[in-house]
>>> print(open('model.cif').read())   # mmCIF, C-alpha atoms
data_my_file
loop_
_atom_site.label_atom_id
_atom_site.label_comp_id
_atom_site.auth_asym_id
_atom_site.auth_seq_id
_atom_site.Cartn_x
_atom_site.Cartn_y
_atom_site.Cartn_z
CA LYS A 1 -17.76 4.16 1.53
CA GLN A 2 -14.69 4.15 3.74
CA GLU A 3 -12.45 7.19 3.38
CA VAL A 4 -9.07 7.68 5.03
CA THR A 5 -7.62 11.13 5.60
CA GLN A 6 -4.13 12.04 6.76
CA ILE A 7 -3.20 15.39 8.19
CA PRO A 8 -0.89 17.17 7.65
CA ALA A 9 0.06 16.43 4.04
CA ALA A 10 3.61 17.52 4.77
CA LEU A 11 5.64 18.18 7.88
CA SER A 12 9.14 19.53 8.45
CA VAL A 13 10.84 19.22 11.83
CA PRO A 14 14.37 19.58 13.21
CA GLU A 15 16.24 16.48 14.29
CA GLY A 16 15.44 15.29 17.80
CA GLU A 17 11.87 16.53 17.88
CA ASN A 18 9.00 14.26 18.85
CA LEU A 19 6.13 14.34 16.36
CA VAL A 20 2.65 13.00 15.72
CA LEU A 21 1.10 12.03 12.41
CA ASN A 22 -2.69 11.82 12.21
CA CYS A 23 -5.02 9.46 10.38
CA SER A 24 -8.82 9.51 10.42
CA PHE A 25 -11.34 7.15 8.85
CA THR A 26 -15.05 7.55 8.26
CA ASP A 27 -16.34 4.03 9.04
CA SER A 28 -15.38 2.74 12.48
CA ALA A 29 -16.12 -0.90 11.50
CA ILE A 30 -12.54 -1.77 10.62
CA TYR A 31 -10.66 -5.03 11.06
CA ASN A 32 -7.23 -3.49 11.47
CA LEU A 33 -5.16 -0.41 10.69
CA GLN A 34 -1.65 -0.34 9.32
CA TRP A 35 1.02 2.32 9.12
CA PHE A 36 3.48 2.14 6.24
CA ARG A 37 6.63 3.99 5.29
CA GLN A 38 7.38 4.81 1.65
CA ASP A 39 10.80 6.05 0.55
CA PRO A 40 11.12 7.87 -2.80
CA GLY A 41 11.11 5.44 -5.70
CA LYS A 42 10.50 2.50 -3.40
CA GLY A 43 7.66 0.32 -2.28
CA LEU A 44 5.86 0.38 1.03
CA THR A 45 7.31 -1.02 4.24
CA SER A 46 4.89 -2.07 6.96
CA LEU A 47 5.72 -0.32 10.25
CA LEU A 48 2.91 -1.23 12.63
CA LEU A 49 -0.38 -3.11 12.45
CA ILE A 50 -3.07 -2.50 15.08
CA GLN A 51 -5.87 -5.01 15.34
CA SER A 52 -9.37 -3.64 15.94
CA SER A 53 -9.33 -4.99 19.50
CA GLN A 54 -6.05 -3.23 20.34
CA ARG A 55 -5.43 0.33 21.45
CA GLU A 56 -1.78 0.70 20.48
CA GLN A 57 1.33 -0.94 19.11
CA THR A 58 4.96 -0.03 19.63
CA SER A 59 8.14 -0.69 17.68
CA GLY A 60 11.30 1.05 18.78
CA ARG A 61 10.77 4.82 18.54
CA LEU A 62 7.36 4.36 16.90
CA ASN A 63 4.05 4.14 18.70
CA ALA A 64 0.72 3.85 16.94
CA SER A 65 -2.61 4.30 18.69
CA LEU A 66 -6.12 3.44 17.58
CA ASP A 67 -9.45 4.87 18.70
CA LYS A 68 -12.06 3.04 16.63
CA SER A 69 -15.04 4.82 18.10
CA SER A 70 -13.77 8.21 17.02
CA GLY A 71 -12.25 6.95 13.77
CA ARG A 72 -8.73 8.11 14.57
CA SER A 73 -5.20 6.78 14.71
CA THR A 74 -1.92 8.51 15.48
CA LEU A 75 1.67 7.58 14.74
CA TYR A 76 4.08 8.98 17.29
CA ILE A 77 7.74 9.20 16.36
CA ALA A 78 10.12 9.90 19.23
CA ALA A 79 13.45 11.68 18.85
CA SER A 80 13.17 12.08 15.09
CA GLN A 81 16.21 11.50 12.89
CA PRO A 82 17.04 12.53 9.29
CA GLY A 83 16.66 8.86 8.35
CA ASP A 84 12.99 9.09 9.31
CA SER A 85 12.38 11.36 6.31
CA ALA A 86 9.84 9.56 4.11
CA THR A 87 6.15 9.44 3.31
CA TYR A 88 4.00 7.74 5.93
CA LEU A 89 0.80 6.07 4.81
CA CYS A 90 -2.11 4.93 6.91
CA ALA A 91 -4.42 2.15 5.67
CA VAL A 92 -7.48 0.40 7.07
CA LYS A 93 -8.80 -3.06 6.38
CA ALA A 94 -12.55 -3.48 6.33
CA ASN A 95 -12.88 -7.17 7.20
CA GLN A 96 -11.10 -10.46 7.77
CA ALA A 97 -11.29 -11.58 4.14
CA GLY A 98 -8.40 -10.94 1.82
CA THR A 99 -9.69 -7.76 0.29
CA ALA A 100 -7.82 -4.53 -0.04
CA LEU A 101 -6.53 -1.94 2.27
CA ILE A 102 -8.01 1.54 1.96
CA PHE A 103 -5.18 4.04 1.97
CA GLY A 104 -4.85 7.67 2.92
CA LYS A 105 -2.79 10.01 0.73
CA GLY A 106 0.08 10.08 3.18
CA THR A 107 2.12 12.57 5.19
CA THR A 108 5.53 13.49 3.79
CA LEU A 109 7.96 14.00 6.66
CA SER A 110 11.24 15.86 6.38
CA VAL A 111 13.64 15.80 9.33
CA SER A 112 16.53 18.25 9.09
CA SER A 113 19.88 17.83 10.81
CA ASN B 1 15.75 -12.73 0.53
CA ALA B 2 13.91 -11.37 -2.51
CA GLY B 3 10.34 -10.96 -1.17
CA VAL B 4 8.10 -9.41 -3.84
CA THR B 5 9.83 -8.70 -7.16
CA GLN B 6 8.32 -6.51 -9.88
CA THR B 7 9.55 -6.10 -13.43
CA PRO B 8 10.11 -3.87 -15.26
CA LYS B 9 10.92 -0.95 -12.96
CA PHE B 10 10.19 1.65 -15.65
CA ARG B 11 8.34 1.55 -18.94
CA ILE B 12 7.08 4.00 -21.53
CA LEU B 13 4.22 2.87 -23.76
CA LYS B 14 2.42 4.42 -26.67
CA ILE B 15 -1.36 4.76 -26.58
CA GLY B 16 -3.00 1.53 -27.70
CA GLN B 17 -0.02 -0.71 -26.97
CA SER B 18 -0.28 -3.62 -24.57
CA MET B 19 2.07 -4.97 -21.95
CA THR B 20 2.31 -7.23 -18.94
CA LEU B 21 3.64 -6.15 -15.58
CA GLN B 22 5.29 -9.04 -13.83
CA CYS B 23 5.08 -9.82 -10.12
CA THR B 24 6.58 -12.79 -8.32
CA GLN B 25 6.96 -13.59 -4.64
CA ASP B 26 9.09 -16.21 -2.94
CA MET B 27 7.36 -16.27 0.44
CA ASN B 28 4.71 -18.85 -0.48
CA HIS B 29 1.98 -16.31 0.23
CA ASN B 30 -1.54 -17.22 -0.85
CA TYR B 31 -2.86 -13.66 -1.23
CA MET B 32 -1.57 -11.26 -3.85
CA TYR B 33 -2.68 -7.76 -4.86
CA TRP B 34 -2.17 -5.13 -7.53
CA TYR B 35 -2.46 -1.47 -6.62
CA ARG B 36 -1.93 1.75 -8.54
CA GLN B 37 -0.69 4.98 -7.02
CA ASP B 38 -1.32 8.26 -8.79
CA PRO B 39 0.69 11.37 -7.81
CA GLY B 40 -0.41 12.75 -4.45
CA MET B 41 -2.98 10.02 -4.00
CA GLY B 42 -3.33 6.92 -1.91
CA LEU B 43 -3.03 3.45 -3.38
CA LYS B 44 -6.10 1.94 -5.03
CA LEU B 45 -6.71 -1.76 -5.53
CA ILE B 46 -6.94 -3.01 -9.11
CA TYR B 47 -7.23 -6.79 -8.67
CA TYR B 48 -6.45 -9.36 -6.02
CA SER B 49 -6.09 -13.11 -5.69
CA VAL B 50 -6.58 -15.39 -2.70
CA GLY B 51 -4.88 -18.36 -4.31
CA ALA B 52 -3.87 -19.96 -7.58
CA GLY B 53 -6.75 -19.92 -10.03
CA ILE B 54 -8.79 -17.37 -8.03
CA THR B 55 -8.90 -13.67 -8.86
CA ASP B 56 -11.33 -10.87 -8.17
CA LYS B 57 -11.80 -7.21 -9.03
CA GLY B 58 -10.84 -4.37 -6.77
CA GLU B 59 -11.84 -0.73 -6.86
CA VAL B 60 -10.38 0.24 -10.27
CA PRO B 61 -10.22 -2.86 -12.54
CA ASN B 62 -11.25 -1.32 -15.88
CA GLY B 63 -8.59 -1.64 -18.56
CA TYR B 64 -6.68 -4.40 -16.75
CA ASN B 65 -6.65 -8.19 -16.59
CA VAL B 66 -4.90 -10.65 -14.30
CA SER B 67 -4.25 -14.34 -14.01
CA ARG B 68 -2.90 -16.53 -11.21
CA SER B 69 -1.69 -19.87 -12.49
CA THR B 70 0.89 -20.40 -9.74
CA THR B 71 1.25 -19.33 -6.11
CA GLU B 72 4.37 -17.32 -6.94
CA ASP B 73 3.26 -15.24 -9.93
CA PHE B 74 0.52 -12.66 -10.43
CA PRO B 75 0.95 -10.77 -13.72
CA LEU B 76 -1.09 -7.68 -14.59
CA ARG B 77 -2.04 -7.14 -18.22
CA LEU B 78 -2.83 -3.82 -19.91
CA GLU B 79 -4.52 -4.54 -23.24
CA LEU B 80 -5.01 -1.10 -24.81
CA ALA B 81 -2.89 1.43 -22.97
CA ALA B 82 -4.50 4.80 -22.29
CA PRO B 83 -2.95 7.99 -20.83
CA SER B 84 -5.16 7.56 -17.74
CA GLN B 85 -3.17 4.43 -16.92
CA THR B 86 0.01 6.42 -16.36
CA SER B 87 0.80 5.58 -12.76
CA VAL B 88 3.04 3.65 -10.40
CA TYR B 89 1.92 0.05 -10.01
CA PHE B 90 2.61 -1.91 -6.85
CA CYS B 91 2.26 -5.62 -6.29
CA ALA B 92 1.83 -6.95 -2.77
CA SER B 93 1.40 -10.29 -1.05
CA SER B 94 0.35 -11.63 2.33
CA PRO B 95 0.17 -15.11 3.87
CA GLY B 96 -3.60 -14.84 4.21
CA GLY B 97 -6.26 -12.40 5.23
CA GLY B 98 -6.86 -11.43 8.79
CA ASN B 99 -4.20 -9.53 10.67
CA GLN B 100 -1.26 -10.37 8.46
CA PRO B 101 0.58 -7.41 6.95
CA GLN B 102 0.99 -7.01 3.22
CA HIS B 103 4.49 -7.03 1.73
CA PHE B 104 5.09 -4.71 -1.22
CA GLY B 105 7.38 -4.73 -4.22
CA ASP B 106 9.29 -1.62 -5.31
CA GLY B 107 6.81 -0.75 -8.03
CA THR B 108 6.68 -0.30 -11.80
CA ARG B 109 6.59 3.27 -13.07
CA LEU B 110 4.54 3.35 -16.26
CA SER B 111 4.10 6.30 -18.60
CA ILE B 112 1.71 6.20 -21.55
CA LEU B 113 2.24 8.82 -24.22
#
>>> encode(input="model.cif", output="structure tokens")
Amino acid sequence: KQEVTQIPAALSVPEGENLVLNCSFTDSAIYNLQWFRQDPGKGLTSLLLIQSSQREQTSGRLNASLDKSSGRSTLYIAASQPGDSATYLCAVKANQAGTALIFGKGTTLSVSS
Amino acid sequence: NAGVTQTPKFRILKIGQSMTLQCTQDMNHNYMYWYRQDPGMGLKLIYYSVGAGITDKGEVPNGYNVSRSTTEDFPLRLELAAPSQTSVYFCASSPGGGNQPQHFGDGTRLSIL
């Protein structure tokens, strides 16, 4: 059974710092991996989606990498800002069919000014 | 630009009552999903649908029912509410399977007392 783990559970950094969030998964046979952002009381916003054949994806200050063989992904946030404060969720998709994403528990990030 | 809309946003139920959580999307997406998120946990799939008239169980379907009579709507029914169903419920949609990201609503916060 696929399990997704995110470390750390919480992270506090000062504004301007570069940071890395970690995601690991137990079954390397994934179809894709997504990173989401969740603000308090809100739904999830998709940040980046990495296909199984890709190594990384970038959007603005965000860069996500994928190493399928080791079952790891990282989300790199450059020059963090207070507006980046949120919970970041990692999720993997097992196959091409329309079945669910398997989510980690998330990393709650707090960026102080 | 509504996206995925969930109603109600909050609800308190008594044990044994029933209710329907509404979900509608205006993006003409074929695939729709219901997840639940318990405090400090990742999201878990309850039910999903790959098109009107087609539904299937996810990881935690017990105590819930769904129907999909139109492309736009995917209601979730709780027949006999139990305290274990206290959770935040998220509806999501995607154009199809494959590498298409899921779009989430803002959630329904349900407490059963």
>>> atom_distance(input="model.cif", atom1="CA of Ala82 (chain B)", atom2="CA of Gly107 (chain B)")
19.0 Å
>>> residues_around(input="model.cif", residues="Glu17 (chain A)", least_positions_apart="3", cutoff="8 Å", atoms="all atoms listed in the file", output="list in words")
Val13, Pro14, Ala78, Ala79 and Ser80 of chain A
>>> residues_around(input="model.cif", residues="region 25-33 of chain A", least_positions_apart="3", cutoff="10 Å", atoms="all atoms listed in the file", output="JSON, numbers by chain")
{"A": [1, 2, 3, 4, 5, 6, 48, 49, 50, 51, 52, 53, 54, 64, 65, 66, 67, 68, 69, 70, 71, 72, 73, 90, 91, 92, 93, 94, 95, 96, 97, 101, 102, 103, 104], "B": [98, 99, 100, 101]}
>>> resolve_selection(input="model.cif", expression="the PyMOL selection byres ((chain A and resi 109) around 12)", output="NGL selection string")
:A and (7-15 or 19-21 or 37-40 or 77 or 80-89 or 106-108 or 110-112)
>>> resolve_selection(input="model.cif", expression="the PyMOL selection byres ((chain B) within 7 of (chain A))", output="list in words")
Tyr31, Gly40, Met41, Gly42, Leu43, Leu45, Val50, Gly96, Gly97, Gly98, Asn99, Pro101, Phe104, Gly105, Asp106 and Gly107 of chain B
>>> write_last_selection(input="model.cif", atoms="C-alpha atoms", output="PDB file, in the coordinates of the input")
ATOM      1  CA  TYR B  31      -2.860 -13.660  -1.230  1.00  0.00           C
ATOM      2  CA  GLY B  40      -0.410  12.750  -4.450  1.00  0.00           C
ATOM      3  CA  MET B  41      -2.980  10.020  -4.000  1.00  0.00           C
ATOM      4  CA  GLY B  42      -3.330   6.920  -1.910  1.00  0.00           C
ATOM      5  CA  LEU B  43      -3.030   3.450  -3.380  1.00  0.00           C
ATOM      6  CA  LEU B  45      -6.710  -1.760  -5.530  1.00  0.00           C
ATOM      7  CA  VAL B  50      -6.580 -15.390  -2.700  1.00  0.00           C
ATOM      8  CA  GLY B  96      -3.600 -14.840   4.210  1.00  0.00           C
ATOM      9  CA  GLY B  97      -6.260 -12.400   5.230  1.00  0.00           C
ATOM     10  CA  GLY B  98      -6.860 -11.430   8.790  1.00  0.00           C
ATOM     11  CA  ASN B  99      -4.200  -9.530  10.670  1.00  0.00           C
ATOM     12  CA  PRO B 101       0.580  -7.410   6.950  1.00  0.00           C
ATOM     13  CA  PHE B 104       5.090  -4.710  -1.220  1.00  0.00           C
ATOM     14  CA  GLY B 105       7.380  -4.730  -4.220  1.00  0.00           C
ATOM     15  CA  ASP B 106       9.290  -1.620  -5.310  1.00  0.00           C
ATOM     16  CA  GLY B 107       6.810  -0.750  -8.030  1.00  0.00           C
TER      17      GLY B 107
END
